[in-house]
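A.B. asks: Structure supplied as target_29.pdb; contents: PDB, C-alpha atoms, pLDDT in the B column.
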ATOM      1  CA  GLY A   3     250.895  21.688 -11.285  1.00 92.00           C
ATOM      2  CA  GLN A   4     252.394  23.784  -8.593  1.00 92.00           C
ATOM      3  CA  ARG A   5     253.706  27.229  -7.820  1.00 94.00           C
ATOM      4  CA  GLY A   6     257.424  26.996  -8.578  1.00 96.00           C
ATOM      5  CA  PRO A   7     259.967  26.424  -5.828  1.00 97.00           C
ATOM      6  CA  VAL A   8     261.460  29.921  -5.697  1.00 98.00           C
ATOM      7  CA  THR A   9     258.105  31.695  -5.816  1.00 97.00           C
ATOM      8  CA  PHE A  10     256.801  29.215  -3.241  1.00 96.00           C
ATOM      9  CA  ALA A  11     259.822  29.826  -0.976  1.00 98.00           C
ATOM     10  CA  THR A  12     259.663  33.616  -1.239  1.00 97.00           C
ATOM     11  CA  SER A  13     255.941  33.534  -0.455  1.00 96.00           C
ATOM     12  CA  ILE A  14     256.702  31.681   2.762  1.00 95.00           C
ATOM     13  CA  TYR A  15     260.017  33.201   3.800  1.00 95.00           C
ATOM     14  CA  GLY A  16     260.311  36.508   1.944  1.00 96.00           C
ATOM     15  CA  VAL A  17     262.528  37.555  -0.948  1.00 96.00           C
ATOM     16  CA  GLU A  18     265.406  39.087   0.996  1.00 97.00           C
ATOM     17  CA  ASN A  19     265.263  36.423   3.675  1.00 97.00           C
ATOM     18  CA  LEU A  20     265.600  33.658   1.082  1.00 98.00           C
ATOM     19  CA  MET A  21     268.603  35.379  -0.491  1.00 96.00           C
ATOM     20  CA  PHE A  22     270.291  35.773   2.877  1.00 97.00           C
ATOM     21  CA  LEU A  23     269.479  32.179   3.804  1.00 98.00           C
ATOM     22  CA  LEU A  24     271.048  30.805   0.622  1.00 98.00           C
ATOM     23  CA  VAL A  25     274.222  32.828   1.119  1.00 97.00           C
ATOM     24  CA  ASP A  26     274.579  32.783   4.897  1.00 98.00           C
ATOM     25  CA  ASN A  27     273.260  29.364   5.902  1.00 98.00           C
ATOM     26  CA  PRO A  28     273.315  26.825   3.050  1.00 98.00           C
ATOM     27  CA  ASP A  29     272.715  23.903   5.418  1.00 98.00           C
ATOM     28  CA  LEU A  30     269.450  25.423   6.632  1.00 98.00           C
ATOM     29  CA  ALA A  31     268.590  26.416   3.043  1.00 98.00           C
ATOM     30  CA  ALA A  32     269.030  22.773   2.019  1.00 98.00           C
ATOM     31  CA  ARG A  33     266.655  21.699   4.778  1.00 98.00           C
ATOM     32  CA  PHE A  34     264.133  24.326   3.605  1.00 98.00           C
ATOM     33  CA  ARG A  35     264.535  23.134  -0.026  1.00 98.00           C
ATOM     34  CA  ASP A  36     264.020  19.508   0.977  1.00 98.00           C
ATOM     35  CA  ALA A  37     260.985  20.403   3.093  1.00 98.00           C
ATOM     36  CA  ILE A  38     259.429  22.207   0.118  1.00 98.00           C
ATOM     37  CA  ARG A  39     260.208  19.253  -2.173  1.00 98.00           C
ATOM     38  CA  ASP A  40     258.708  16.776   0.286  1.00 98.00           C
ATOM     39  CA  LEU A  41     255.647  18.969   0.850  1.00 96.00           C
ATOM     40  CA  MET A  42     255.016  19.338  -2.893  1.00 97.00           C
ATOM     41  CA  LEU A  43     255.288  15.578  -3.380  1.00 97.00           C
ATOM     42  CA  ALA A  44     252.965  14.972  -0.414  1.00 96.00           C
ATOM     43  CA  MET A  45     250.393  17.497  -1.661  1.00 95.00           C
ATOM     44  CA  ALA A  46     250.388  15.900  -5.108  1.00 95.00           C
ATOM     45  CA  ARG A  47     249.984  12.454  -3.549  1.00 94.00           C
ATOM     46  CA  VAL A  48     246.986  13.643  -1.484  1.00 96.00           C
ATOM     47  CA  LEU A  49     245.381  15.108  -4.597  1.00 95.00           C
ATOM     48  CA  ASP A  50     246.005  11.873  -6.503  1.00 95.00           C
ATOM     49  CA  GLU A  51     244.455   9.823  -3.720  1.00 95.00           C
ATOM     50  CA  ALA A  52     241.441  12.143  -3.531  1.00 97.00           C
ATOM     51  CA  ALA A  53     240.973  11.635  -7.277  1.00 96.00           C
ATOM     52  CA  GLY A  54     241.152   7.871  -6.820  1.00 96.00           C
ATOM     53  CA  TYR A  55     244.616   7.363  -8.326  1.00 96.00           C
ATOM     54  CA  ALA A  56     247.311   5.040  -7.043  1.00 92.00           C
ATOM     55  CA  PRO A  57     250.951   5.942  -7.743  1.00 87.00           C
ATOM     56  CA  ASP A  58     251.001   3.598 -10.742  1.00 89.00           C
ATOM     57  CA  THR A  59     247.696   4.864 -12.194  1.00 91.00           C
ATOM     58  CA  ALA A  60     248.098   8.627 -11.705  1.00 91.00           C
ATOM     59  CA  PRO A  61     248.193  10.612 -14.940  1.00 92.00           C
ATOM     60  CA  HIS A  62     251.596  11.844 -16.027  1.00 95.00           C
ATOM     61  CA  GLY A  63     252.654  15.454 -16.509  1.00 96.00           C
ATOM     62  CA  PHE A  64     253.591  18.346 -14.251  1.00 96.00           C
ATOM     63  CA  TRP A  65     254.017  22.115 -14.538  1.00 96.00           C
ATOM     64  CA  PHE A  66     255.485  24.926 -12.469  1.00 96.00           C
ATOM     65  CA  LEU A  67     254.665  28.634 -12.318  1.00 94.00           C
ATOM     66  CA  ASP A  68     257.821  30.268 -10.972  1.00 95.00           C
ATOM     67  CA  ASP A  69     257.959  34.006 -11.665  1.00 92.00           C
ATOM     68  CA  ASN A  70     260.531  34.561  -8.902  1.00 95.00           C
ATOM     69  CA  CYS A  71     263.096  32.103 -10.254  1.00 96.00           C
ATOM     70  CA  TYR A  72     264.893  35.080 -11.838  1.00 95.00           C
ATOM     71  CA  LEU A  73     266.019  36.173  -8.373  1.00 96.00           C
ATOM     72  CA  LEU A  74     268.546  33.351  -8.088  1.00 97.00           C
ATOM     73  CA  THR A  75     271.930  33.097  -9.730  1.00 97.00           C
ATOM     74  CA  PRO A  76     272.520  29.902 -11.703  1.00 98.00           C
ATOM     75  CA  ASP A  77     274.494  28.446  -8.769  1.00 98.00           C
ATOM     76  CA  MET A  78     271.718  29.310  -6.320  1.00 98.00           C
ATOM     77  CA  TYR A  79     269.079  27.857  -8.628  1.00 98.00           C
ATOM     78  CA  ALA A  80     271.085  24.668  -9.177  1.00 98.00           C
ATOM     79  CA  PHE A  81     271.274  24.276  -5.407  1.00 98.00           C
ATOM     80  CA  PHE A  82     267.727  25.308  -4.462  1.00 98.00           C
ATOM     81  CA  GLY A  83     265.195  25.228  -7.299  1.00 98.00           C
ATOM     82  CA  LEU A  84     266.449  22.616  -9.723  1.00 98.00           C
ATOM     83  CA  PRO A  85     266.411  19.674  -7.270  1.00 98.00           C
ATOM     84  CA  ILE A  86     262.739  20.341  -6.540  1.00 98.00           C
ATOM     85  CA  LEU A  87     261.808  20.402 -10.233  1.00 98.00           C
ATOM     86  CA  LYS A  88     263.811  17.228 -10.819  1.00 98.00           C
ATOM     87  CA  ALA A  89     262.045  15.393  -8.001  1.00 98.00           C
ATOM     88  CA  LEU A  90     258.542  16.331  -9.158  1.00 97.00           C
ATOM     89  CA  PHE A  91     259.307  15.609 -12.808  1.00 97.00           C
ATOM     90  CA  GLU A  92     260.870  12.247 -11.902  1.00 97.00           C
ATOM     91  CA  ARG A  93     257.700  11.338 -10.045  1.00 96.00           C
ATOM     92  CA  TYR A  94     255.037  12.824 -12.326  1.00 96.00           C
ATOM     93  CA  SER A  95     256.746  13.063 -15.728  1.00 96.00           C
ATOM     94  CA  PRO A  96     259.091  10.084 -15.906  1.00 95.00           C
ATOM     95  CA  ASN A  97     258.571   9.264 -19.591  1.00 94.00           C
ATOM     96  CA  PRO A  98     259.978  11.189 -22.563  1.00 88.00           C
ATOM     97  CA  GLY A  99     256.513  12.204 -23.839  1.00 89.00           C
ATOM     98  CA  ASP A 100     255.203  13.403 -20.470  1.00 96.00           C
ATOM     99  CA  THR A 101     254.468  17.096 -19.984  1.00 96.00           C
ATOM    100  CA  ARG A 102     257.289  18.995 -18.251  1.00 97.00           C
ATOM    101  CA  TYR A 103     256.282  22.648 -18.237  1.00 96.00           C
ATOM    102  CA  GLN A 104     257.766  25.817 -16.768  1.00 95.00           C
ATOM    103  CA  HIS A 105     256.267  29.307 -16.753  1.00 93.00           C
ATOM    104  CA  SER A 106     257.975  32.471 -15.607  1.00 92.00           C
ATOM    105  CA  ASP A 107     257.060  36.054 -16.476  1.00 86.00           C
ATOM    106  CA  SER A 108     260.500  37.204 -15.411  1.00 88.00           C
ATOM    107  CA  ALA A 109     263.846  37.882 -17.070  1.00 90.00           C
ATOM    108  CA  MET A 110     265.246  34.483 -16.198  1.00 93.00           C
ATOM    109  CA  GLY A 111     267.240  33.725 -19.340  1.00 94.00           C
ATOM    110  CA  HIS A 112     270.327  33.104 -17.204  1.00 97.00           C
ATOM    111  CA  LEU A 113     268.636  29.898 -15.981  1.00 97.00           C
ATOM    112  CA  LEU A 114     267.972  28.426 -19.436  1.00 97.00           C
ATOM    113  CA  PRO A 115     271.051  26.164 -19.427  1.00 97.00           C
ATOM    114  CA  LEU A 116     269.899  24.610 -16.137  1.00 97.00           C
ATOM    115  CA  LEU A 117     266.303  24.255 -17.294  1.00 97.00           C
ATOM    116  CA  GLY A 118     267.649  22.623 -20.449  1.00 96.00           C
ATOM    117  CA  SER A 119     268.802  19.694 -18.334  1.00 96.00           C
ATOM    118  CA  LEU A 120     265.164  18.878 -17.463  1.00 96.00           C
ATOM    119  CA  ASN A 121     263.945  18.030 -20.986  1.00 94.00           C
ATOM    120  CA  LEU A 122     261.067  20.490 -20.710  1.00 97.00           C
ATOM    121  CA  THR A 123     258.277  19.953 -23.232  1.00 97.00           C
ATOM    122  CA  GLY A 124     256.639  23.363 -22.890  1.00 96.00           C
ATOM    123  CA  VAL A 125     257.583  26.819 -21.664  1.00 95.00           C
ATOM    124  CA  ASN A 126     256.144  30.305 -21.353  1.00 92.00           C
ATOM    125  CA  PHE A 127     258.798  32.829 -20.348  1.00 91.00           C
ATOM    126  CA  GLY A 128     258.902  36.593 -20.000  1.00 85.00           C
ATOM    127  CA  PRO A 129     259.219  38.757 -23.118  1.00 87.00           C
ATOM    128  CA  THR A 130     262.907  39.488 -22.487  1.00 89.00           C
ATOM    129  CA  VAL A 131     263.786  35.811 -22.963  1.00 92.00           C
ATOM    130  CA  GLN A 132     263.992  35.570 -26.738  1.00 91.00           C
ATOM    131  CA  ALA A 133     262.689  32.545 -28.623  1.00 92.00           C
ATOM    132  CA  ASP A 134     266.017  31.682 -30.250  1.00 93.00           C
ATOM    133  CA  SER A 135     267.747  31.604 -26.865  1.00 94.00           C
ATOM    134  CA  THR A 136     264.996  29.425 -25.442  1.00 94.00           C
ATOM    135  CA  ARG A 137     265.212  27.102 -28.438  1.00 94.00           C
ATOM    136  CA  ARG A 138     269.016  26.821 -28.151  1.00 95.00           C
ATOM    137  CA  HIS A 139     268.744  25.526 -24.575  1.00 96.00           C
ATOM    138  CA  LEU A 140     265.386  23.747 -24.804  1.00 95.00           C
ATOM    139  CA  PRO A 141     265.338  22.167 -28.266  1.00 94.00           C
ATOM    140  CA  GLY A 142     262.319  19.960 -27.622  1.00 93.00           C
ATOM    141  CA  ALA A 143     260.072  22.445 -25.831  1.00 95.00           C
ATOM    142  CA  ILE A 144     257.053  24.141 -27.361  1.00 95.00           C
ATOM    143  CA  ILE A 145     257.486  27.882 -26.749  1.00 94.00           C
ATOM    144  CA  GLU A 146     254.032  29.060 -25.759  1.00 90.00           C
ATOM    145  CA  GLY A 147     254.263  32.787 -26.201  1.00 83.00           C
ATOM    146  CA  GLN A 148     256.752  35.539 -26.917  1.00 85.00           C
ATOM    147  CA  LEU A 149     254.482  38.539 -27.463  1.00 89.00           C
ATOM    148  CA  ALA A 150     255.036  41.152 -24.751  1.00 89.00           C
ATOM    149  CA  PRO A 151     251.792  41.373 -22.735  1.00 86.00           C
ATOM    150  CA  PHE A 152     251.767  45.184 -22.818  1.00 87.00           C
ATOM    151  CA  THR A 153     252.088  45.174 -26.612  1.00 90.00           C
ATOM    152  CA  LEU A 154     248.822  43.247 -26.660  1.00 88.00           C
ATOM    153  CA  SER A 155     247.042  45.127 -23.866  1.00 85.00           C
ATOM    154  CA  ARG A 156     247.876  48.485 -25.495  1.00 88.00           C
ATOM    155  CA  ASN A 157     246.528  47.134 -28.798  1.00 90.00           C
ATOM    156  CA  ASP A 158     249.751  48.170 -30.536  1.00 94.00           C
ATOM    157  CA  GLU A 159     248.913  46.618 -33.903  1.00 95.00           C
ATOM    158  CA  ALA A 160     252.266  47.515 -35.505  1.00 97.00           C
ATOM    159  CA  GLY A 161     254.109  46.173 -32.449  1.00 95.00           C
ATOM    160  CA  ILE A 162     252.111  42.944 -32.474  1.00 94.00           C
ATOM    161  CA  VAL A 163     252.961  42.344 -36.132  1.00 95.00           C
ATOM    162  CA  ALA A 164     256.620  43.288 -35.589  1.00 96.00           C
ATOM    163  CA  GLU A 165     256.959  40.881 -32.655  1.00 92.00           C
ATOM    164  CA  LEU A 166     255.223  38.103 -34.605  1.00 92.00           C
ATOM    165  CA  LEU A 167     257.611  38.555 -37.521  1.00 94.00           C
ATOM    166  CA  ARG A 168     260.634  38.705 -35.193  1.00 93.00           C
ATOM    167  CA  ASP A 169     259.638  35.516 -33.393  1.00 91.00           C
ATOM    168  CA  PHE A 170     258.797  33.743 -36.625  1.00 92.00           C
ATOM    169  CA  GLU A 171     262.265  34.551 -37.961  1.00 93.00           C
ATOM    170  CA  LEU A 172     263.924  33.424 -34.710  1.00 91.00           C
ATOM    171  CA  THR A 173     262.167  30.039 -34.816  1.00 92.00           C
ATOM    172  CA  ARG A 174     261.638  29.506 -38.546  1.00 92.00           C
ATOM    173  CA  ASP A 175     264.145  26.654 -38.750  1.00 93.00           C
ATOM    174  CA  THR A 176     263.375  25.025 -35.410  1.00 91.00           C
ATOM    175  CA  ARG A 177     259.609  25.614 -35.293  1.00 91.00           C
ATOM    176  CA  GLY A 178     257.621  24.934 -32.115  1.00 93.00           C
ATOM    177  CA  LEU A 179     256.388  28.475 -31.376  1.00 93.00           C
ATOM    178  CA  VAL A 180     252.806  29.212 -30.386  1.00 92.00           C
ATOM    179  CA  PHE A 181     252.081  32.883 -31.011  1.00 89.00           C
ATOM    180  CA  SER A 182     250.700  34.068 -27.707  1.00 87.00           C
ATOM    181  CA  THR A 183     251.763  36.393 -24.948  1.00 86.00           C
ATOM    182  CA  ALA A 184     254.961  35.814 -23.038  1.00 83.00           C
ATOM    183  CA  GLY A 185     253.585  35.684 -19.555  1.00 72.00           C
ATOM    184  CA  SER A 186     250.357  36.877 -18.096  1.00 70.00           C
ATOM    185  CA  ILE A 187     247.815  39.074 -19.791  1.00 71.00           C
ATOM    186  CA  ASN A 188     246.442  41.933 -17.708  1.00 62.00           C
ATOM    187  CA  ASN A 189     242.778  41.810 -16.791  1.00 65.00           C
ATOM    188  CA  GLY A 190     240.664  43.718 -19.290  1.00 60.00           C
ATOM    189  CA  SER A 191     243.007  43.130 -22.232  1.00 58.00           C
TER     190      SER A 191
END
Could you render the structure from this file as structure tokens?

C.D. replies:
Amino acid sequence: GQRGPVTFATSIYGVENLMFLLVDNPDLAARFRDAIRDLMLAMARVLDEAAGYAPDTAPHGFWFLDDNCYLLTPDMYAFFGLPILKALFERYSPNPGDTRYQHSDSAMGHLLPLLGSLNLTGVNFGPTVQADSTRRHLPGAIIEGQLAPFTLSRNDEAGIVAELLRDFELTRDTRGLVFSTAGSINNGS
């Protein structure tokens, strides 16, 4: 697994700087994207080698944690983030049953159509991305969590039950929902 490409890029370059780069200098942004892609592939290869795996014997499956993906428009994400996910999934999750996982605590529902092109097998998105919308774009993915983390951390029993019933109704016909929090749980919850 790996920190997702947008979160990774903003950690290195800064949020505003990445936005300006994508708009003002797409050629340099493409070089930055490709450098991140190549670095992620190289890091994974080093870890495989350290574990004693060759490319043909390495276990399959890959996941990304990309809270900052919400910052990009669909066009920006298609240009910058999506090619990185595709490259890592092609290398580490080439088969239909391989794990292809994406996590994001953010309101990134506008990216669901793009993420749907990746055949994700598991997701955990922020509480504003509703389960029925996720299911519509990612029909084969297990939705691991929809409960708002603050509903849980505040021990709002009525809210927890209401969200469970809402999510059950939204996924009753399509199934594949694990009742858990959508995103991270605060320490001490």

A.B. asks: Of the candidates A:His62, A:His112, A:Arg39, A:Arg33, which shows the shortest atom-to-atom distance to Pro76 in chain A, using all atoms listed in the file?

C.D. replies: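 Under the stated criterion, the closest residue is A:His112.
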
A.B. asks: Check which residues satisfy the PyMOL selection byres ((chain A and resi 42) around 10) in the file shown, then give them as a list in words.

C.D. replies: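 Going through the file, the PyMOL selection byres ((chain A and resi 42) around 10) ends up selecting Gly3, Gln4, Arg5, Gly6, Pro7, Asp36, Ala37, Ile38, Arg39, Asp40, Leu41, Leu43, Ala44, Met45, Ala46, Arg47, Val48, Ile86, Ala89 and Leu90 of chain A.
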
A.B. asks: Could you tell me which residues the PyMOL selection byres ((chain A and resi 134) around 9) returns for this structure, as a ChimeraX atom specification?

C.D. replies: /A:131-133,135-139,169,172-173,176

A.B. asks: Provide the CA of Gln104 in chain A to CA of Asp29 in chain A distance in Å, to one decimal place.

C.D. replies: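 Interatomic distance, CA of Gln104 in chain A to CA of Asp29 in chain A: 26.8 Å.
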
A.B. asks: A:Phe64, A:Phe82, A:Tyr103, A:Tyr94: which is nearest Gly118 in chain A, counting only C-alpha atoms?

C.D. replies: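 Nearest candidate to Gly118 in chain A out of A:Phe64, A:Phe82, A:Tyr103, A:Tyr94: A:Tyr103.
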
A.B. asks: Tell me which residues the PyMOL selection byres ((chain A and resi 96) around 12) grabs here, as a PyMOL selection string.

C.D. replies: chain A and resi 58+60-64+88-95+97-102+120-122

A.B. asks: Considering all atoms listed in the file, can you say which of A:Glu159, A:Glu165, A:Glu51, A:Asp69 comes closest to Phe181 in chain A?

C.D. replies: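 When distances to Phe181 in chain A are compared using all atoms listed in the file, the smallest one comes from A:Glu165.
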
A.B. asks: Quote the spacing between CA of Arg177 in chain A and CA of Ser108 in chain A in Å to one decimal place.

C.D. replies: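 Result for CA of Arg177 in chain A versus CA of Ser108 in chain A: 23.0 Å, one decimal.
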
A.B. asks: So, counting all atoms listed in the file, which residue among A:Ala160, A:Ala143, A:Asp50, A:Ser13 is closest to Thr123 in chain A?

C.D. replies: A:Ala143

A.B. asks: Take CA of Asp26 in chain A and CA of Ile14 in chain A and report the distance between them in Å, one decimal.

C.D. replies: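 Between CA of Asp26 in chain A and CA of Ile14 in chain A the gap works out to 18.0 Å.
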
A.B. asks: May I ask which of the residues A:Ala184, A:Val125, A:Met78, A:Ala53 is the closest one to Phe22 in chain A, counting all atoms listed in the file?

C.D. replies: A:Met78

A.B. asks: Mind listing whatever residues come within 8 Å of the point (251.0, 33.1, -29.4)? Use all atoms listed in the file, file coordinates, and give them as a list of chain:residue names.

C.D. replies: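 Nearby residues: A:Glu146, A:Gly147, A:Gln148, A:Leu149, A:Leu179, A:Val180, A:Phe181, A:Ser182, A:Thr183, A:Ala184.
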
A.B. asks: Would you list the contacts of Ser186 in chain A as a list in words, taking every protein, DNA or RNA residue within 9 Å and counting all atoms listed in the file, but skipping same-chain residues closer than 3 positions in sequence?

C.D. replies: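 So the residues in contact are Asp107, Gly128, Pro151 and Thr183 of chain A.
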
A.B. asks: Just checking: using all atoms listed in the file, which residue out of A:Ala31, A:Met21, A:Ile187, A:Leu140 ends up closest to Arg156 in chain A?

C.D. replies: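 Among A:Ala31, A:Met21, A:Ile187, A:Leu140, it is A:Ile187 that comes nearest to Arg156 in chain A.
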
A.B. asks: My structure is short of atoms at range 136-150 of chain A; please model N, CA, C and O atoms there, returning them as a PDB file, in the coordinates of the input.

C.D. replies:
ATOM      1  N   THR A 136     265.751  30.530 -26.035  1.00 94.00           N
ATOM      2  CA  THR A 136     264.996  29.425 -25.442  1.00 94.00           C
ATOM      3  C   THR A 136     265.202  28.154 -26.268  1.00 94.00           C
ATOM      4  O   THR A 136     265.492  27.096 -25.725  1.00 94.00           O
ATOM      5  N   ARG A 137     265.079  28.271 -27.574  1.00 94.00           N
ATOM      6  CA  ARG A 137     265.212  27.102 -28.438  1.00 94.00           C
ATOM      7  C   ARG A 137     266.610  26.487 -28.332  1.00 94.00           C
ATOM      8  O   ARG A 137     266.768  25.277 -28.343  1.00 94.00           O
ATOM      9  N   ARG A 138     267.640  27.318 -28.240  1.00 95.00           N
ATOM     10  CA  ARG A 138     269.016  26.821 -28.151  1.00 95.00           C
ATOM     11  C   ARG A 138     269.191  25.919 -26.924  1.00 95.00           C
ATOM     12  O   ARG A 138     269.848  24.889 -26.986  1.00 95.00           O
ATOM     13  N   HIS A 139     268.583  26.286 -25.809  1.00 96.00           N
ATOM     14  CA  HIS A 139     268.744  25.526 -24.575  1.00 96.00           C
ATOM     15  C   HIS A 139     267.664  24.473 -24.355  1.00 96.00           C
ATOM     16  O   HIS A 139     267.877  23.518 -23.599  1.00 96.00           O
ATOM     17  N   LEU A 140     266.519  24.661 -24.985  1.00 95.00           N
ATOM     18  CA  LEU A 140     265.386  23.747 -24.804  1.00 95.00           C
ATOM     19  C   LEU A 140     264.884  23.308 -26.185  1.00 95.00           C
ATOM     20  O   LEU A 140     263.801  23.698 -26.625  1.00 95.00           O
ATOM     21  N   PRO A 141     265.666  22.491 -26.868  1.00 94.00           N
ATOM     22  CA  PRO A 141     265.338  22.167 -28.266  1.00 94.00           C
ATOM     23  C   PRO A 141     264.026  21.425 -28.457  1.00 94.00           C
ATOM     24  O   PRO A 141     263.425  21.521 -29.520  1.00 94.00           O
ATOM     25  N   GLY A 142     263.543  20.725 -27.459  1.00 93.00           N
ATOM     26  CA  GLY A 142     262.319  19.960 -27.622  1.00 93.00           C
ATOM     27  C   GLY A 142     261.079  20.612 -27.046  1.00 93.00           C
ATOM     28  O   GLY A 142     259.992  20.046 -27.116  1.00 93.00           O
ATOM     29  N   ALA A 143     261.209  21.805 -26.497  1.00 95.00           N
ATOM     30  CA  ALA A 143     260.072  22.445 -25.831  1.00 95.00           C
ATOM     31  C   ALA A 143     259.252  23.287 -26.809  1.00 95.00           C
ATOM     32  O   ALA A 143     259.801  23.982 -27.665  1.00 95.00           O
ATOM     33  N   ILE A 144     257.937  23.215 -26.658  1.00 95.00           N
ATOM     34  CA  ILE A 144     257.053  24.141 -27.361  1.00 95.00           C
ATOM     35  C   ILE A 144     257.137  25.471 -26.616  1.00 95.00           C
ATOM     36  O   ILE A 144     256.970  25.519 -25.390  1.00 95.00           O
ATOM     37  N   ILE A 145     257.416  26.545 -27.341  1.00 94.00           N
ATOM     38  CA  ILE A 145     257.486  27.882 -26.749  1.00 94.00           C
ATOM     39  C   ILE A 145     256.099  28.492 -26.867  1.00 94.00           C
ATOM     40  O   ILE A 145     255.659  28.848 -27.962  1.00 94.00           O
ATOM     41  N   GLU A 146     255.408  28.566 -25.768  1.00 90.00           N
ATOM     42  CA  GLU A 146     254.032  29.060 -25.759  1.00 90.00           C
ATOM     43  C   GLU A 146     254.025  30.533 -25.403  1.00 90.00           C
ATOM     44  O   GLU A 146     253.729  30.920 -24.276  1.00 90.00           O
ATOM     45  N   GLY A 147     254.368  31.355 -26.371  1.00 83.00           N
ATOM     46  CA  GLY A 147     254.263  32.787 -26.201  1.00 83.00           C
ATOM     47  C   GLY A 147     255.572  33.525 -26.166  1.00 83.00           C
ATOM     48  O   GLY A 147     256.501  33.107 -25.495  1.00 83.00           O
ATOM     49  N   GLN A 148     255.630  34.608 -26.919  1.00 85.00           N
ATOM     50  CA  GLN A 148     256.752  35.539 -26.917  1.00 85.00           C
ATOM     51  C   GLN A 148     256.280  36.980 -27.010  1.00 85.00           C
ATOM     52  O   GLN A 148     257.050  37.889 -26.816  1.00 85.00           O
ATOM     53  N   LEU A 149     255.026  37.194 -27.323  1.00 89.00           N
ATOM     54  CA  LEU A 149     254.482  38.539 -27.463  1.00 89.00           C
ATOM     55  C   LEU A 149     254.451  39.226 -26.098  1.00 89.00           C
ATOM     56  O   LEU A 149     253.909  38.681 -25.134  1.00 89.00           O
ATOM     57  N   ALA A 150     255.048  40.409 -26.010  1.00 89.00           N
ATOM     58  CA  ALA A 150     255.036  41.152 -24.751  1.00 89.00           C
ATOM     59  C   ALA A 150     253.590  41.473 -24.362  1.00 89.00           C
ATOM     60  O   ALA A 150     252.827  41.995 -25.182  1.00 89.00           O
TER      61      ALA A 150
END
